[in-house]
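Structure first, then comments.
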Amino acid sequence: MNGASREALAAARERLDALTDSTSVDAARLADELAAVTALLDREVSLRRVLTDPAQAGEAKAELAQRLLGSQVSGTTADLVSGLVRSRWSQSRDLVDALEELANIADLTAAQKAGALDDVEDELFRFGRIVSSNTELRAALTDRKATAAAKGELLRSLLGSRADAATVRLVTRLVTAPRGRSLEAGLESLSKLAAERRERLVAVVTSAVPLSDTQKRRLGAALAKLYGHQMHLNIDVDPAVLGGIRVQVGDEVINGSLADRIDEAARRLAS
């Protein structure tokens, strides 16, 4: 997002945080209702354009949103959506993207309140690894001919009681309503949002063997000191690294694996 849309989303996220700080607000229900509004506006292009028309007064658009949604969702959700349509948006589709992001944040907030955010982060990461290594599963989850109900049932059989309820909701929404994104990109976006809820960066750590708890703590502390930010570690075991570890934080890679040192030595010899 750019310009006005970025500012509108930032303001909406602040309002969402203020709402979910209240113990009286059911963050999971809020997430479901925001997701329903997302689906509505993604489907109804003309309505979306009316609600983001810069020529229309913000209050008039907010009143329209209240009339449309007031009897369908909670007052909290209706008020949040009304605030969104009062704002200016660079593109009408940005409003839908913002609603979807708020829905995901609300679900992650519900997990955080339940003390399950770490589990959700790990489950999203592991599910992404499973999908990337299983072409048949990925094909089934991204099959455009398959119904949303069939995909949802497949996910329930895969995750079911094995994953936190927030993880199941997040992944199910992503798979059944991808909105033009790849499954991998959607899972990466969810992982980043989850890490952000804890104000942490995500480090993808690849090692030849599983790391002990002590090693994880030491590595996490070292990375936190290096980046000046609390760090969440996603651990991936890959015997191909031969030894040492490979750490990726965003676009930056810290390479300490034996395989990479061998490759580097070979390149130097070749030159």
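In the structure tokens, the first chain shown is A, the next is B, and so on; residue numbers restart at 1 for each chain, and ligands run from 1 in the order shown.
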
Quick one: residues within 10 Å of Ala106 of chain A, only C-alpha atoms, excluding same-chain residues fewer than 4 positions away - as a PyMOL selection string? chain A and resi 13+16-17+19-20+26-32+34+100-102+110-112+166

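Those residues that approach segment 182-187 of chain A to within 9 Å, counting only C-alpha atoms, are Leu124, Phe125, Phe127, Gly128, Val131, Ser132, Arg138, Leu141, Thr142, Val171, Leu174, Val175, Pro178, Arg179, Gly180, Ser189, Leu190, Ser191 and Lys192 of chain A; same-chain residues fewer than 2 positions away are not listed.
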
Let's have the selection written as a short mmCIF file (atom, residue, chain, number, x, y, z; two decimals), in the first residue's frame, with N, CA, C and O atoms.
data_model
loop_
_atom_site.label_atom_id
_atom_site.label_comp_id
_atom_site.auth_asym_id
_atom_site.auth_seq_id
_atom_site.Cartn_x
_atom_site.Cartn_y
_atom_site.Cartn_z
N LEU A 124 2.29 -22.29 11.89
CA LEU A 124 2.26 -21.69 10.56
C LEU A 124 3.54 -22.01 9.80
O LEU A 124 3.51 -22.34 8.60
N PHE A 125 4.67 -21.94 10.50
CA PHE A 125 5.95 -22.24 9.87
C PHE A 125 6.01 -23.70 9.43
O PHE A 125 6.38 -24.02 8.30
N PHE A 127 3.56 -25.78 8.90
CA PHE A 127 2.61 -26.06 7.83
C PHE A 127 3.16 -25.60 6.48
O PHE A 127 3.01 -26.28 5.47
N GLY A 128 3.81 -24.45 6.48
CA GLY A 128 4.44 -23.97 5.25
C GLY A 128 5.50 -24.92 4.74
O GLY A 128 5.61 -25.17 3.52
N VAL A 131 3.74 -28.01 3.21
CA VAL A 131 3.17 -27.71 1.90
C VAL A 131 4.25 -27.64 0.83
O VAL A 131 4.08 -28.17 -0.28
N SER A 132 5.36 -27.00 1.15
CA SER A 132 6.43 -26.84 0.15
C SER A 132 7.10 -28.16 -0.21
O SER A 132 7.67 -28.30 -1.29
N ARG A 138 -0.10 -29.59 -1.87
CA ARG A 138 -0.19 -28.22 -2.37
C ARG A 138 -1.18 -28.14 -3.53
O ARG A 138 -1.98 -27.20 -3.62
N LEU A 141 -4.72 -28.21 -2.21
CA LEU A 141 -5.12 -26.99 -1.49
C LEU A 141 -5.26 -25.79 -2.40
O LEU A 141 -5.91 -24.80 -2.04
N THR A 142 -4.64 -25.84 -3.58
CA THR A 142 -4.69 -24.70 -4.50
C THR A 142 -5.52 -25.00 -5.75
O THR A 142 -5.57 -24.18 -6.67
N VAL A 171 -5.30 -20.44 8.46
CA VAL A 171 -4.93 -21.23 7.29
C VAL A 171 -6.16 -21.52 6.43
O VAL A 171 -6.09 -21.48 5.19
N LEU A 174 -7.02 -18.52 4.38
CA LEU A 174 -6.04 -18.32 3.32
C LEU A 174 -6.28 -19.29 2.17
O LEU A 174 -6.24 -18.91 1.00
N VAL A 175 -6.53 -20.55 2.49
CA VAL A 175 -6.70 -21.58 1.46
C VAL A 175 -8.02 -21.42 0.71
O VAL A 175 -8.07 -21.58 -0.52
N PRO A 178 -7.89 -17.27 -1.30
CA PRO A 178 -6.50 -16.81 -1.48
C PRO A 178 -6.39 -15.40 -2.05
O PRO A 178 -5.37 -14.74 -1.90
N ARG A 179 -7.42 -14.94 -2.74
CA ARG A 179 -7.44 -13.58 -3.30
C ARG A 179 -6.23 -13.29 -4.16
O ARG A 179 -5.61 -12.23 -4.08
N GLY A 180 -5.88 -14.27 -5.01
CA GLY A 180 -4.83 -14.05 -5.99
C GLY A 180 -3.42 -14.31 -5.52
O GLY A 180 -2.47 -14.21 -6.30
N SER A 189 3.19 -14.16 4.87
CA SER A 189 2.59 -12.94 5.39
C SER A 189 2.00 -13.16 6.78
O SER A 189 2.16 -12.33 7.68
N LEU A 190 1.34 -14.30 6.97
CA LEU A 190 0.77 -14.62 8.28
C LEU A 190 1.87 -14.78 9.33
O LEU A 190 1.72 -14.33 10.47
N SER A 191 2.97 -15.41 8.96
CA SER A 191 4.08 -15.60 9.89
C SER A 191 4.66 -14.25 10.32
O SER A 191 4.99 -14.04 11.49
N LYS A 192 4.78 -13.32 9.37
CA LYS A 192 5.31 -12.00 9.69
C LYS A 192 4.37 -11.25 10.63
O LYS A 192 4.82 -10.57 11.57
#

Atom pair atom CA of Ser46 of chain A + atom CA of Ser92 of chain A, distance 9.8 Å

Give me the segment 142-215 of chain A side of the contact with segment 236-253 of chain A, cut-off 9 Å, one line per residue showing its nearest atom pair and distance in Å at one decimal, counting only C-alpha atoms, sorted by chain and residue number, as a tab-separated table.
residue	atom	partner	partner_atom	distance
A:Leu201	CA	A:Val249	CA	7.3
A:Val202	CA	A:Val249	CA	6.1
A:Ala203	CA	A:Val249	CA	4.7
A:Val204	CA	A:Gln248	CA	5.1
A:Val205	CA	A:Val247	CA	4.5
A:Thr206	CA	A:Asp236	CA	4.7
A:Ser207	CA	A:Ile245	CA	4.5
A:Ala208	CA	A:Pro239	CA	4.3
A:Val209	CA	A:Val237	CA	5.8
A:Pro210	CA	A:Val237	CA	6.1
A:Leu211	CA	A:Val237	CA	8.8

Can you check which residues of segment 6-206 of chain A DSSP gives as helix (DSSP H, G or I) on the backbone and send them as a PyMOL selection string? chain A and resi 6-20+27-43+45-51+58-69+75-86+92-113+117-133+135-142+148-158+160-162+165-176+183-197

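Interatomic distance, atom CA of Leu9 of chain A against atom CA of Ser74 of chain A: 20.7 Å.
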
Using only C-alpha atoms, pick whichever of A:Leu108, A:Ala146, A:Leu223, A:Ala10 has the shortest atom-to-atom distance to Arg197 of chain A.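 Selected residue with least distance to Arg197 of chain A: A:Leu108.
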
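With only C-alpha atoms taken into account, the protein and nucleic acid residues at most 10 Å from Ala149 of chain A (excluding it and anything under 6 positions from it in its own chain) are A:Leu155, A:Thr172, A:Thr176.
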
Same residues, N, CA, C and O atoms, saved as a short mmCIF file (atom, residue, chain, number, x, y, z; two decimals), in the first residue's frame:
data_model
loop_
_atom_site.label_atom_id
_atom_site.label_comp_id
_atom_site.auth_asym_id
_atom_site.auth_seq_id
_atom_site.Cartn_x
_atom_site.Cartn_y
_atom_site.Cartn_z
N LEU A 155 -8.35 -29.50 5.32
CA LEU A 155 -7.55 -28.84 6.35
C LEU A 155 -7.92 -29.33 7.75
O LEU A 155 -7.05 -29.52 8.60
N THR A 172 -7.28 -21.81 7.07
CA THR A 172 -8.50 -22.10 6.31
C THR A 172 -8.93 -20.89 5.49
O THR A 172 -9.30 -21.02 4.31
N THR A 176 -9.09 -21.12 1.43
CA THR A 176 -10.40 -21.04 0.79
C THR A 176 -10.66 -19.70 0.10
O THR A 176 -11.51 -19.61 -0.77
#

Would you list the contacts of Ala163 of chain A as an MDAnalysis selection string, taking every protein, DNA or RNA residue within 9 Å and counting only C-alpha atoms, but skipping same-chain residues closer than 6 positions in sequence? chainID A and resid 119:120 123
